[in-house]
>>> print(open('target07.txt').read())   # compact mmCIF, C-alpha atoms
# COMPACT_ATOMS: atom_id res chain seq x y z
CA MET E 253 0.00 0.00 0.00
CA LYS E 254 1.31 3.40 -0.99
CA ILE E 255 0.48 6.48 1.04
CA ALA E 256 1.55 9.90 -0.22
CA VAL E 257 1.90 12.77 2.23
CA LEU E 258 1.55 16.25 0.77
CA SER E 259 0.74 19.88 1.54
CA GLY E 260 0.22 23.09 -0.36
CA LYS E 261 3.09 24.84 1.39
CA GLY E 262 6.40 23.93 2.96
CA GLY E 263 6.90 23.58 6.71
CA THR E 264 3.50 22.11 7.57
CA GLY E 265 4.95 18.81 8.76
CA LYS E 266 4.96 16.50 5.71
CA THR E 267 8.28 14.97 6.63
CA PHE E 268 7.28 14.79 10.30
CA VAL E 269 4.12 12.82 9.48
CA SER E 270 5.86 10.68 6.82
CA ILE E 271 8.81 9.51 8.91
CA ASN E 272 6.66 8.85 11.95
CA LEU E 273 4.14 6.81 9.94
CA ALA E 274 6.99 4.83 8.38
CA ALA E 275 8.57 4.27 11.79
CA ALA E 276 5.24 3.24 13.36
CA ALA E 277 4.79 0.37 10.89
CA ASP E 278 6.40 -3.04 11.43
CA GLN E 279 8.09 -2.90 8.04
CA SER E 280 7.99 0.00 5.64
CA THR E 281 9.65 1.95 2.86
CA TYR E 282 10.02 5.70 3.13
CA ILE E 283 10.60 7.61 -0.12
CA ASP E 284 11.67 11.24 0.05
CA CYS E 285 10.38 12.85 -3.15
CA ASP E 286 11.00 16.36 -1.84
CA ILE E 287 14.03 16.26 -4.13
CA GLU E 288 14.97 19.93 -3.87
CA GLU E 289 15.30 19.71 -0.10
CA PRO E 290 15.10 16.11 1.05
CA ASN E 291 15.41 15.98 4.83
CA GLY E 292 13.78 12.74 5.94
CA HIS E 293 17.26 11.17 6.00
CA LEU E 294 18.30 13.65 8.69
CA PHE E 295 15.82 11.95 11.04
CA LEU E 296 16.03 8.37 9.81
CA LYS E 297 19.84 8.40 9.41
CA PRO E 298 19.89 5.45 6.99
CA GLU E 299 22.87 3.11 6.94
CA LYS E 300 24.48 0.93 4.26
CA LEU E 301 23.88 3.64 1.66
CA LYS E 302 23.78 2.70 -2.01
CA ILE E 303 23.97 5.64 -4.38
CA ASP E 304 22.66 5.65 -7.96
CA PRO E 305 23.17 8.67 -10.20
CA VAL E 306 20.16 9.91 -12.19
CA LYS E 307 20.88 10.82 -15.79
CA VAL E 308 18.87 12.60 -18.47
CA GLN E 309 19.50 13.06 -22.20
CA ILE E 310 20.41 16.49 -23.52
CA PRO E 311 21.03 17.44 -27.15
CA THR E 312 24.40 17.90 -28.76
CA VAL E 313 24.87 19.20 -32.30
CA ASN E 314 27.07 17.99 -35.13
CA LYS E 315 28.21 21.32 -36.60
CA GLU E 316 29.28 19.68 -39.86
CA ILE E 317 25.71 18.58 -40.60
CA CYS E 318 23.66 21.46 -39.08
CA THR E 319 22.38 23.76 -41.83
CA GLY E 320 21.03 26.42 -39.47
CA CYS E 321 17.37 25.92 -40.40
CA ARG E 322 16.44 26.70 -36.77
CA LYS E 323 13.57 24.22 -36.65
CA CYS E 324 14.87 23.04 -33.27
CA VAL E 325 15.17 26.61 -31.92
CA GLU E 326 11.57 27.33 -32.91
CA PHE E 327 10.38 24.02 -31.49
CA CYS E 328 11.89 24.32 -28.00
CA LYS E 329 9.19 25.64 -25.65
CA PHE E 330 11.77 26.07 -22.91
CA ASN E 331 14.03 28.23 -25.14
CA ALA E 332 17.05 26.07 -24.39
CA LEU E 333 18.47 26.61 -27.90
CA ALA E 334 19.76 29.65 -29.78
CA TYR E 335 21.37 29.92 -33.21
CA ILE E 336 24.10 32.55 -33.19
CA ASN E 337 26.93 33.17 -35.67
CA LYS E 338 26.23 29.93 -37.56
CA ASN E 339 26.50 28.03 -34.32
CA LEU E 340 23.76 26.25 -32.33
CA MET E 341 24.02 27.07 -28.62
CA VAL E 342 22.53 24.54 -26.16
CA PHE E 343 21.67 25.69 -22.63
CA ASP E 344 21.93 22.48 -20.63
CA ASP E 345 20.35 23.89 -17.47
CA ILE E 346 17.25 25.11 -19.34
CA CYS E 347 16.74 21.85 -21.29
CA HIS E 348 13.92 19.61 -19.98
CA SER E 349 15.13 16.54 -21.93
CA CYS E 350 11.96 16.16 -24.00
CA GLY E 351 13.97 15.06 -27.06
CA GLY E 352 11.78 17.14 -29.40
CA CYS E 353 14.66 19.04 -31.02
CA LYS E 354 16.18 15.77 -32.19
CA LEU E 355 12.85 14.71 -33.69
CA VAL E 356 12.26 17.92 -35.66
CA CYS E 357 15.80 18.21 -37.07
CA PRO E 358 15.48 17.43 -40.80
CA GLU E 359 19.23 16.84 -41.14
CA ASN E 360 19.68 14.46 -38.17
CA ALA E 361 22.31 16.84 -36.90
CA LEU E 362 21.29 16.42 -33.27
CA SER E 363 22.17 13.50 -31.07
CA GLU E 364 21.88 13.08 -27.31
CA LYS E 365 24.38 12.84 -24.52
CA GLU E 366 23.91 11.87 -20.88
CA LYS E 367 23.93 14.39 -18.11
CA VAL E 368 23.78 13.65 -14.38
CA ILE E 369 21.12 15.79 -12.64
CA GLY E 370 21.07 14.16 -9.22
CA GLU E 371 20.97 10.83 -7.44
CA VAL E 372 18.83 8.32 -5.56
CA GLN E 373 20.19 7.03 -2.24
CA LYS E 374 19.01 3.81 -0.66
CA GLY E 375 19.66 2.76 2.91
CA ILE E 376 18.18 1.16 6.01
CA SER E 377 16.99 2.72 9.27
CA GLU E 378 15.82 -0.03 11.67
CA SER E 379 12.54 -1.33 10.17
CA VAL E 380 12.43 1.36 7.48
CA ASN E 381 13.91 1.14 3.98
CA VAL E 382 14.90 4.69 3.18
CA ILE E 383 14.96 5.97 -0.41
CA THR E 384 16.02 9.59 -0.95
CA GLY E 385 15.83 11.53 -4.22
CA ILE E 386 18.30 14.40 -4.54
CA LEU E 387 18.25 16.97 -7.34
CA ASN E 388 21.49 18.85 -7.99
CA THR E 389 21.28 22.60 -7.37
CA GLY E 390 20.42 24.62 -10.47
CA GLU E 391 18.72 21.83 -12.43
CA SER E 392 15.39 22.73 -13.98
CA SER E 393 13.32 19.57 -13.62
CA GLY E 394 13.28 16.99 -10.83
CA THR E 395 10.69 14.60 -12.23
CA PRO E 396 13.28 12.06 -13.54
CA ILE E 397 14.62 11.77 -9.96
CA ILE E 398 11.13 11.18 -8.56
CA LYS E 399 10.39 8.52 -11.17
CA LYS E 400 13.62 6.71 -10.38
CA ALA E 401 13.05 6.97 -6.60
CA LEU E 402 9.52 5.55 -6.94
CA ASN E 403 10.81 2.73 -9.14
CA SER E 404 13.37 1.80 -6.49
CA ILE E 405 10.80 0.19 -4.16
CA GLU E 406 11.90 -3.39 -3.57
CA ASN E 407 9.08 -4.69 -1.40
CA ASN E 408 5.86 -3.76 -3.17
CA ARG E 409 3.58 -5.52 -0.71
CA GLY E 410 4.55 -3.65 2.44
CA LEU E 411 3.72 -0.09 3.43
CA THR E 412 5.31 2.69 1.39
CA VAL E 413 5.20 6.27 2.60
CA ILE E 414 5.89 8.90 -0.05
CA ASP E 415 7.06 12.28 1.27
CA SER E 416 5.96 14.65 -1.54
CA PRO E 417 7.42 18.04 -2.46
CA PRO E 418 5.41 21.09 -1.30
CA GLY E 419 2.95 22.78 -3.62
CA SER E 420 0.84 21.34 -6.42
CA ALA E 421 3.17 21.37 -9.46
CA CYS E 422 4.52 18.58 -11.74
CA THR E 423 6.79 17.04 -9.13
CA VAL E 424 3.85 16.64 -6.72
CA MET E 425 1.67 15.08 -9.43
CA ASP E 426 4.44 12.61 -10.25
CA SER E 427 4.92 11.64 -6.62
CA ILE E 428 1.21 10.95 -5.93
CA LYS E 429 0.43 9.27 -9.26
CA ASP E 430 0.59 5.70 -7.97
CA ALA E 431 -0.53 6.41 -4.40
CA ASP E 432 -3.46 4.43 -2.96
CA TYR E 433 -4.22 7.17 -0.47
CA CYS E 434 -3.09 10.75 0.19
CA ILE E 435 -2.63 12.47 3.52
CA LEU E 436 -2.81 16.26 3.43
CA VAL E 437 -0.97 18.00 6.24
CA ALA E 438 -2.25 21.47 7.11
CA GLU E 439 -1.38 24.26 9.51
CA PRO E 440 -3.96 26.10 11.64
CA THR E 441 -3.59 29.43 9.77
CA LEU E 442 -5.40 31.27 6.95
CA PHE E 443 -2.36 30.70 4.76
CA GLY E 444 -2.46 27.04 5.72
CA ALA E 445 -6.13 26.77 4.71
CA HIS E 446 -5.44 28.54 1.40
CA ASN E 447 -2.64 26.12 0.55
CA LEU E 448 -4.72 23.17 1.70
CA ASN E 449 -7.29 24.25 -0.86
CA MET E 450 -4.64 24.03 -3.62
CA VAL E 451 -3.79 20.39 -2.92
CA TYR E 452 -7.46 19.61 -2.28
CA GLU E 453 -8.26 20.78 -5.83
CA LEU E 454 -5.36 18.76 -7.20
CA LEU E 455 -6.55 15.56 -5.52
CA GLU E 456 -10.12 16.11 -6.71
CA LEU E 457 -8.67 16.32 -10.21
CA PHE E 458 -6.68 13.12 -9.71
CA ASN E 459 -9.67 11.41 -8.10
CA LYS E 460 -7.55 10.09 -5.22
CA PRO E 461 -8.91 9.17 -1.80
CA TYR E 462 -7.54 11.45 0.89
CA GLY E 463 -7.82 12.70 4.43
CA VAL E 464 -6.33 15.58 6.38
CA VAL E 465 -3.95 15.69 9.33
CA LEU E 466 -4.23 19.00 11.16
CA ASN E 467 -0.80 19.75 12.57
CA LYS E 468 0.35 22.24 15.25
CA CYS E 469 -3.20 22.58 16.63
CA HIS E 470 -3.67 25.10 19.45
CA LYS E 471 -6.66 26.58 21.25
CA GLU E 472 -7.18 29.41 18.75
CA LYS E 473 -9.46 29.19 15.70
CA ASN E 474 -8.27 26.77 13.04
CA PRO E 475 -9.08 27.99 9.50
CA ALA E 476 -7.80 24.69 8.02
CA GLU E 477 -10.26 22.74 10.19
CA LYS E 478 -13.06 25.10 9.17
CA PHE E 479 -12.16 24.47 5.51
CA CYS E 480 -12.32 20.69 6.02
CA LYS E 481 -15.72 20.92 7.67
CA GLU E 482 -17.09 23.14 4.89
CA LYS E 483 -15.88 20.76 2.18
CA GLY E 484 -16.76 17.61 4.10
CA ILE E 485 -13.14 16.41 4.13
CA LYS E 486 -12.23 13.66 6.56
CA ILE E 487 -9.97 14.80 9.41
CA LEU E 488 -7.77 11.82 10.26
CA GLU E 489 -5.86 13.30 13.16
CA LYS E 490 -5.21 16.47 15.09
CA ILE E 491 -1.64 16.78 16.29
CA PRO E 492 -1.20 19.33 19.08
CA PHE E 493 1.25 22.22 19.09
CA ASP E 494 3.66 20.63 21.51
CA ASN E 495 7.01 21.91 22.76
CA GLU E 496 8.25 18.38 23.25
CA LEU E 497 7.63 17.61 19.58
CA GLY E 498 9.48 20.76 18.61
CA GLU E 499 12.44 19.76 20.71
CA LEU E 500 12.52 16.20 19.35
CA ASN E 501 12.32 17.55 15.80
CA SER E 502 15.06 20.10 16.28
CA ASN E 503 17.29 17.32 17.60
CA ALA E 504 16.47 15.21 14.51
CA LYS E 505 14.72 12.60 16.67
CA ILE E 506 11.71 10.57 15.52
CA ALA E 507 8.82 11.16 17.94
CA SER E 508 7.21 7.74 17.49
CA ARG E 509 10.54 6.07 18.34
CA GLU E 510 11.17 8.27 21.40
CA ASN E 511 7.76 8.83 22.94
CA LYS E 512 5.08 6.22 23.69
CA ARG E 513 2.23 8.71 23.27
CA TYR E 514 3.33 9.58 19.74
CA LYS E 515 4.04 5.98 18.87
CA GLU E 516 0.38 5.32 19.72
CA LEU E 517 -0.85 8.38 17.83
CA PHE E 518 0.94 7.39 14.62
CA SER E 519 0.05 3.70 14.94
CA SER E 520 -3.58 4.71 15.26
CA LEU E 521 -3.27 7.12 12.30
CA LEU E 522 -1.80 4.30 10.22
CA GLU E 523 -4.66 1.99 11.18
CA LYS E 524 -7.22 4.65 10.21
CA VAL E 525 -5.55 5.11 6.84
CA ILE E 526 -5.41 1.35 6.20
CA GLU E 527 -9.11 1.19 7.07
CA GLU E 528 -9.84 4.07 4.67
CA VAL E 529 -7.98 2.34 1.85
CA LYS E 530 -9.93 -0.89 2.50
CA ASN E 531 -13.21 1.02 2.29
CA GLU E 532 -12.10 2.67 -0.94
CA THR E 533 -11.31 -0.73 -2.43
CA VAL E 534 -14.78 -1.96 -1.51
CA ILE E 535 -16.43 1.09 -3.06
CA ASN E 536 -14.38 0.89 -6.24
CA SER E 537 -14.66 -2.84 -6.80
CA MET C 158 25.44 51.25 -36.23
CA LYS C 159 22.22 49.72 -34.92
CA ILE C 160 21.20 50.07 -31.26
CA ALA C 161 18.77 47.71 -29.52
CA MET C 162 16.83 48.64 -26.37
CA PRO C 163 14.05 47.00 -24.33
CA VAL C 164 11.06 49.38 -24.40
CA GLU C 165 7.62 49.41 -22.83
CA SER C 166 5.80 51.10 -25.73
CA LYS C 167 6.45 52.20 -29.28
CA SER C 168 7.55 55.74 -28.44
CA MET C 169 10.99 57.35 -28.31
CA ASP C 170 9.95 59.60 -25.42
CA ASN C 171 9.33 56.69 -23.10
CA ASN C 172 11.82 55.14 -20.71
CA VAL C 173 13.91 52.05 -21.24
CA TYR C 174 12.08 48.98 -19.93
CA GLN C 175 13.25 47.71 -16.52
CA SER C 176 14.20 44.20 -17.64
CA PHE C 177 15.47 42.56 -20.79
CA GLY C 178 13.93 39.13 -21.40
CA ARG C 179 10.36 40.10 -20.45
CA SER C 180 10.30 43.47 -22.22
CA PRO C 181 7.17 43.93 -24.39
CA TYR C 182 9.07 45.40 -27.36
CA PHE C 183 12.58 46.05 -28.58
CA LEU C 184 13.52 49.26 -30.33
CA ILE C 185 16.09 48.82 -33.09
CA TYR C 186 17.47 52.27 -33.85
CA ASP C 187 19.77 52.99 -36.78
CA LEU C 188 22.18 55.71 -35.74
CA GLN C 189 23.04 56.73 -39.32
CA SER C 190 19.58 56.81 -40.90
CA LYS C 191 17.81 57.80 -37.61
CA GLU C 192 15.28 55.14 -38.44
CA SER C 193 13.52 53.34 -35.59
CA VAL C 194 11.89 49.93 -35.87
CA TYR C 195 9.93 48.28 -33.04
CA VAL C 196 10.07 44.51 -32.76
CA ASP C 197 7.60 42.47 -30.68
CA ASN C 198 9.35 40.42 -28.03
CA SER C 199 7.80 37.00 -28.46
CA ALA C 200 9.78 35.80 -25.42
CA ALA C 201 7.87 38.10 -23.02
CA THR C 202 5.26 35.44 -22.27
CA SER C 203 7.61 32.43 -22.29
CA GLN C 204 7.38 30.05 -19.38
CA GLY C 205 11.15 29.89 -19.13
CA GLY C 206 14.28 30.78 -21.03
CA ALA C 207 12.87 34.19 -21.97
CA GLY C 208 16.33 35.79 -21.92
CA ILE C 209 17.70 33.32 -24.47
CA LYS C 210 14.80 33.80 -26.87
CA ALA C 211 14.85 37.59 -26.48
CA ALA C 212 18.60 37.61 -27.11
CA GLN C 213 18.05 35.59 -30.30
CA THR C 214 15.63 38.34 -31.45
CA ILE C 215 18.27 41.00 -30.78
CA VAL C 216 20.94 39.06 -32.68
CA ASP C 217 18.57 38.48 -35.62
CA SER C 218 17.75 42.20 -35.77
CA GLY C 219 21.34 42.91 -36.74
CA ALA C 220 21.98 45.22 -33.77
CA ASN C 221 25.59 46.04 -32.87
CA VAL C 222 24.87 47.46 -29.42
CA LEU C 223 22.37 46.63 -26.68
CA ILE C 224 21.43 49.23 -24.06
CA THR C 225 19.62 47.68 -21.10
CA PRO C 226 19.30 48.27 -17.34
CA ARG C 227 20.16 44.64 -16.71
CA CYS C 228 20.73 41.33 -18.40
CA GLY C 229 20.78 37.70 -17.25
CA GLU C 230 23.64 35.26 -17.67
CA ASN C 231 22.13 33.13 -20.44
CA ALA C 232 20.99 36.13 -22.47
CA ALA C 233 24.43 37.73 -22.08
CA ASP C 234 26.05 34.51 -23.35
CA VAL C 235 23.97 34.68 -26.52
CA ILE C 236 24.50 38.41 -27.06
CA LYS C 237 28.25 38.22 -26.47
CA SER C 238 28.57 35.24 -28.86
CA ALA C 239 27.25 37.55 -31.55
CA ASN C 240 29.85 40.21 -30.61
CA ILE C 241 27.17 42.67 -29.56
CA LYS C 242 28.29 45.11 -26.88
CA ILE C 243 26.04 45.48 -23.82
CA TYR C 244 25.83 48.95 -22.24
CA LYS C 245 24.05 49.81 -19.01
CA SER C 246 21.19 52.26 -19.56
CA VAL C 247 20.97 55.53 -17.61
CA VAL C 248 17.81 56.85 -15.97
CA GLY C 249 15.82 58.77 -18.55
CA SER C 250 14.10 58.42 -21.90
CA ILE C 251 15.14 56.32 -24.88
CA ASN C 252 16.31 59.51 -26.65
CA GLU C 253 18.47 60.46 -23.68
CA ASN C 254 20.09 57.02 -23.70
CA ILE C 255 20.90 57.25 -27.40
CA LYS C 256 22.42 60.69 -26.81
CA ALA C 257 24.43 59.32 -23.89
CA LEU C 258 25.79 56.52 -26.08
CA GLU C 259 26.79 58.99 -28.81
CA GLU C 260 28.59 61.13 -26.26
CA GLU C 261 30.29 58.02 -24.88
CA ARG C 262 28.74 58.49 -21.46
CA LEU C 263 27.40 54.90 -21.14
CA SER C 264 29.44 52.21 -19.42
CA ILE C 265 29.65 48.52 -20.28
CA LEU C 266 27.13 46.46 -18.23
CA GLN C 267 29.23 44.64 -15.64
CA ASP C 268 26.74 43.08 -13.24
CA ILE C 269 25.34 40.24 -15.30
CA HIS C 270 22.91 38.52 -12.91
CA ALA C 271 22.42 34.79 -12.59
CA GLY C 272 18.79 35.06 -13.63
CA PHE C 273 15.48 35.03 -11.80
CA HIS C 274 14.58 31.49 -12.72
CA HIS C 275 12.48 28.97 -10.85
CA HIS C 276 10.20 31.34 -9.02
CA GLY C 277 6.84 29.75 -8.42
CA GLY C 278 5.59 26.42 -9.67
CA ARG C 279 7.17 24.38 -12.38
>>> encode(input="target07.txt", output="structure tokens")
Amino acid sequence: MKIAVLSGKGGTGKTFVSINLAAAADQSTYIDCDIEEPNGHLFLKPEKLKIDPVKVQIPTVNKEICTGCRKCVEFCKFNALAYINKNLMVFDDICHSCGGCKLVCPENALSEKEKVIGEVQKGISESVNVITGILNTGESSGTPIIKKALNSIENNRGLTVIDSPPGSACTVMDSIKDADYCILVAEPTLFGAHNLNMVYELLELFNKPYGVVLNKCHKEKNPAEKFCKEKGIKILEKIPFDNELGELNSNAKIASRENKRYKELFSSLLEKVIEEVKNETVINS
Amino acid sequence: MKIAMPVESKSMDNNVYQSFGRSPYFLIYDLQSKESVYVDNSAATSQGGAGIKAAQTIVDSGANVLITPRCGENAADVIKSANIKIYKSVVGSINENIKALEEERLSILQDIHAGFHHHGGR
């Protein structure tokens, strides 16, 4: 079973919920798809690391054959090509590796070369298999890293927790694509409710089953909770604003491994989610 | 000599546009014939790589000089490959900038910035 954890903004507690869910299960795989800033490994501290580079194809031109027709320059929607002084310039960092330029070249003057844009790390942290996607700084698209990270799951039958990137863009869509269930983590602020709405709309579009975890709850009004009630969204759990949690987090400790109360909270959250997925299967079958 | 400048509207009395890649138009001004031609900047609405596409437009216009308040790294690479000189614009109208260039009061643009890429969703 694959559970994706996402939120409309950063800092709501996606990684917090993901690592604790993974640690609460008997056996699990945790995949960090927040490739621009993966930090689940800081908590899980995986050992026996295996590192695989992630490569993409970028165009390279044979100047002898290129006639300067510019069909490739006109084709590239990312403007990664320019034709200056009878010379085709390729901007590697702008290229999204779609391969279109090679297809439209009537002279077959373009070929492709490999370029490393990041890596996928695999390791073990007690009962958790840890997979971390890392995009090199300055690269334009992280989706190849996410695809490779998601394809690195070895045990497909166990629980997989996918820690998604923040927001609702391509990288998020790629990371939730194969998820059986999505957990939305939201903060008790107006901004939090606004960003919750963004991912809510995305999931409606993807037709995925989902529920919300309200994080950092305090006694004040919770606009994210109000939003859930208005839209009839299931609230799976309310995690309190707790100094102890803050301290554990800032020391890179995993709450469900350190504190019995949080072990119980996340075990119960996991059970609720498993129950939800079962119900979904019944409805859809 | 032909001068290129990012401009907000098709008027010589207006100011130079504040950026290069996203400028609505480019003025191509011929210093000898005093003829001005305005070119649409098709890169202005690009999702990414606007600087590169805009620079291609400047190169294709046959300009020898670009006057702009600023210019990104990728655009500067394209422009420099075509041996076009980049001068930093001074505060004032397009006409004042042309005059400043003629009187050799403009300096070469030094602070090529690394670009404002990757803001917002991708």
>>> residues_around(input="target07.txt", residues="Cys353 (chain E)", least_positions_apart="3", cutoff="7 Å", atoms="all atoms listed in the file", output="ChimeraX atom specification")
/E:324,327-328,356-357
>>> interface_residues(input="target07.txt", of="chain E", to="chain C", cutoff="10 Å", atoms="all atoms listed in the file", output="number ranges by chain")
E: 325-326, 328-339, 341, 343, 345-347, 390-394, 418-423
>>> residues_around(input="target07.txt", residues="Val269 (chain E)", least_positions_apart="3", cutoff="10 Å", atoms="only C-alpha atoms", output="MDAnalysis selection string")
chainID E and resid 257:258 264:266 272:275 413 415 435:437 465 467 491 506:508 518 521
>>> atom_distance(input="target07.txt", atom1="CA of Ala276 (chain E)", atom2="CA of Glu289 (chain E)")
23.5 Å
>>> residues_around(input="target07.txt", residues="Lys307 (chain E)", least_positions_apart="2", cutoff="8 Å", atoms="all atoms listed in the file", output="VMD selection string")
chain E and resid 305 309 366 to 370
>>> atom_distance(input="target07.txt", atom1="CA of Thr281 (chain E)", atom2="CA of Ser519 (chain E)")
15.5 Å
>>> closest_residue(input="target07.txt", among="C:Ser264, C:Asn172, C:Lys159, C:Glu165", to="Asn252 (chain C)", atoms="all atoms listed in the file")
C:Asn172
>>> atom_distance(input="target07.txt", atom1="CA of Val247 (chain C)", atom2="CA of Ser190 (chain C)")
23.4 Å
>>> residues_near_point(input="target07.txt", point="(21.3, 59.3, -24.4)", cutoff="12 Å", atoms="only C-alpha atoms", output="list in words")
Ile160, Met162, Met169, Asp170, Asn172, Val173, Leu188, Ile224, Tyr244, Lys245, Ser246, Val247, Val248, Gly249, Ser250, Ile251, Asn252, Glu253, Asn254, Ile255, Lys256, Ala257, Leu258, Glu259, Glu260, Glu261, Arg262, Leu263 and Ser264 of chain C
>>> closest_residue(input="target07.txt", among="E:Glu482, E:Glu456, E:Glu299, E:Glu489", to="Leu522 (chain E)", atoms="all atoms listed in the file")
E:Glu489
>>> closest_residue(input="target07.txt", among="E:Pro290, E:Gly260, E:Gly352, E:Pro475", to="Asn388 (chain E)", atoms="all atoms listed in the file")
E:Pro290
>>> closest_atom_pairs(input="target07.txt", of="region 209-277 of chain C", to="region 180-185 of chain C", cutoff="10 Å", atoms="all atoms listed in the file", output="JSON lines")
{"residue": "C:Ala211", "atom": "CA", "partner": "C:Ser180", "partner_atom": "CA", "distance": 8.6}
{"residue": "C:Thr214", "atom": "CA", "partner": "C:Phe183", "partner_atom": "CA", "distance": 8.8}
{"residue": "C:Ile215", "atom": "CA", "partner": "C:Phe183", "partner_atom": "CA", "distance": 7.9}
{"residue": "C:Ser218", "atom": "CA", "partner": "C:Ile185", "partner_atom": "CA", "distance": 7.3}
{"residue": "C:Gly219", "atom": "CA", "partner": "C:Ile185", "partner_atom": "CA", "distance": 8.7}
{"residue": "C:Ala220", "atom": "CA", "partner": "C:Ile185", "partner_atom": "CA", "distance": 6.9}
{"residue": "C:Asn221", "atom": "CA", "partner": "C:Ile185", "partner_atom": "CA", "distance": 9.9}
{"residue": "C:Val222", "atom": "CA", "partner": "C:Ile185", "partner_atom": "CA", "distance": 9.6}
{"residue": "C:Leu223", "atom": "CA", "partner": "C:Ile185", "partner_atom": "CA", "distance": 9.2}
{"residue": "C:Ile251", "atom": "CA", "partner": "C:Leu184", "partner_atom": "CA", "distance": 9.1}
>>> axis_aligned_box(input="target07.txt", around="region 389-394 of chain E", padding_each_side="6 Å", output="lines of an AutoDock Vina configuration file")
center_x = 17.3
center_y = 20.8
center_z = -10.7
size_x = 20.0
size_y = 19.6
size_z = 18.6
>>> residues_near_point(input="target07.txt", point="(17.0, 20.4, 14.1)", cutoff="12 Å", atoms="all atoms listed in the file", output="JSON, numbers by chain")
{"E": [268, 291, 292, 294, 295, 497, 498, 499, 500, 501, 502, 503, 504, 505, 506]}
